[in-house]
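Contents: one structure, followed by commentary.
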Amino acid sequence: MNERIRTHIEHLFENAPETRKALELKDELLGNCNSKYDDLIAEGTDPDDAFRIVAASIGDVDDLLAQLKTNPSINFQEREKRQLQRAILTSIAIGLYILSPIGLFVLHGTVGLCILFVMAAAATMMLVFSSMIMPKYLREDDTMVEEFKEWKDHKNRKTGIRKSISSILWISVTIVYILVSFLTGRWEITWILFLIGGLCEGLINIYFEMRDK
Amino acid sequence: MSITADMLRGHTDTIILTRLIQRDSYGYEINKYIQEKTSGRYELKEATLYSAFRRLEELGLISSYWGDETTGARRRYYAITKLGRTAYHKNKEDWEETKEIIDQLIKEDEK
């Protein structure tokens, strides 16, 4: 690695944006310029001449750097559309939660209770769905800060999905418990379903942990 | 020579695709290839070469990956995509046609 070439290229990139793309470009340029320099030296060129030839062959990097600054446009329209979808889904879900006990007032007994749970389950599913369609955080540029934001967003999404799965699980367990208990009338044993639910949750957690590794 | 260079510059993309259609390559090697093929009469500036790489990559005509050299500097290799092959053939056809037309136009008429 020739120090003069490195210094020269560092100097050319002085005003370059601090992005991954720019750093990669610098690496690429360094690599290629060094190969060229080594070849020239191997051919018997004087080191000073070799450096001059290499430096002259680089050309105007300003255009190149300007190209790096223009980011491909982020699709804002798509994002807004998704946000609207989420807002609608969330509102409907909350409405369903509020209305879910209606069955208990209108129809007495098991049927009303079933309606309550079906509505609650539907609302939870909507919330899960809306958290899944949330647009991923798109990096505005390639800086470290943006990379961190993307990572954080990714992490939040994962815990969001996990929480939703857990709430679906417990609602389903309750539905099954009530149904089975009413149908069989064996209340003294059916509570074991909650233990099974806890077991399932543990297994789901393990699955997520394993998958992340 | 400056007029020739201007005309050649318009075909930088096709020249790069021509190299990549034969095999994956990196910046310096492509430039060396151009120099050898033209017996040293033409050579691209590094900056021109890289802006062409970025443009071609954005258009999806080429893709890039870092080589795993154990010695020396890191090298970024470029490979042609399916779309790139199509573009190469299209550009070549276009050029053949342009060449024919210009040949006809700048030929002195027989008396």
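Ligands are numbered from 1 in the order shown, chains are lettered A, B, ... in the order of the structure tokens, and residues start at 1 in each chain.
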Taking only C-alpha atoms into account, produce a table as a tab-separated table in which each residue of chain B with an atom at most 12 Å from an atom of chain A appears once, together with its shortest atom pair and the distance in Å to one decimal, ordered by chain and rising number.
```
residue	atom	partner	partner_atom	distance
B:Ser25	CA	A:Asn32	CA	11.7
B:Tyr26	CA	A:Asn32	CA	8.1
B:Gly27	CA	A:Asn32	CA	6.4
B:Tyr28	CA	A:Asn32	CA	5.1
B:Glu29	CA	A:Asn32	CA	8.3
B:Ile30	CA	A:Asn32	CA	10.3
B:Asn31	CA	A:Asn32	CA	9.8
B:Lys32	CA	A:Lys36	CA	8.9
B:Tyr42	CA	A:Ser57	CA	11.7
B:Glu43	CA	A:Ser57	CA	8.6
B:Leu44	CA	A:Ser57	CA	7.8
B:Lys45	CA	A:Ser57	CA	5.2
B:Glu46	CA	A:Ile58	CA	4.5
B:Ala47	CA	A:Val61	CA	5.4
B:Thr48	CA	A:Gly59	CA	7.6
B:Leu49	CA	A:Ile58	CA	9.4
B:Tyr50	CA	A:Leu64	CA	7.4
B:Ser51	CA	A:Leu64	CA	5.7
B:Ala52	CA	A:Leu64	CA	9.4
B:Phe53	CA	A:Leu64	CA	10.5
B:Arg54	CA	A:Gln67	CA	8.5
B:Arg55	CA	A:Gln67	CA	9.1
B:Glu58	CA	A:Pro72	CA	9.2
B:Leu59	CA	A:Pro72	CA	11.6
B:Ser64	CA	A:Glu28	CA	11.4
B:Tyr65	CA	A:Glu24	CA	11.1
B:Trp66	CA	A:Glu28	CA	9.3
B:Gly67	CA	A:Glu28	CA	10.9
B:Glu69	CA	A:Gly31	CA	11.0
B:Thr71	CA	A:Met1	CA	10.8
B:Gly72	CA	A:Met1	CA	7.6
B:Ala73	CA	A:Gly31	CA	4.8
B:Arg74	CA	A:Gly31	CA	5.9
B:Arg75	CA	A:Gly31	CA	6.2
B:Arg76	CA	A:Glu28	CA	6.2
B:Tyr77	CA	A:Glu28	CA	9.5
B:Tyr78	CA	A:Glu28	CA	11.6
```
**Study point:** Surrounding residues of A:Met125 excluding itself and chain neighbours under 3 positions, 12 Å, only C-alpha atoms, as a ChimeraX atom specification
**Key:** /A:89-90,92-94,96-97,118-122,128-132,161,163-169,171-172
Exercise for review: Excluding B:Ile21 and any residue of its chain fewer than 4 positions from it, enumerate the residues within 9 Å of it, using only C-alpha atoms, and give them as a list of chain:residue names.
Suggested key: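 Once the adjacent positions are removed, what remains is B:Ile16, B:Leu17, B:Ala79, B:Ile80, B:Thr81, B:Gly84, B:Arg85, B:Tyr88.
Proximity of B:Leu61, B:Lys92, B:Gln104, B:Arg41 to B:Ala5, computed with only C-alpha atoms, is greatest for B:Arg41.
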Exercise for review: Have a look at atom CA of A:Ser91 and atom CA of A:Leu127 and let me know their distance in Å, one decimal.
Suggested key: 9.4 Å
Review point. Taking the backbone alone, and naming residues the way the document does, which bits of stretch 19-150 of chain A are helix (DSSP H, G or I) by DSSP, as a PyMOL selection string?
Key: chain A and resi 20-42+47-58+62-69+76-99+102-106+110-132+144-150
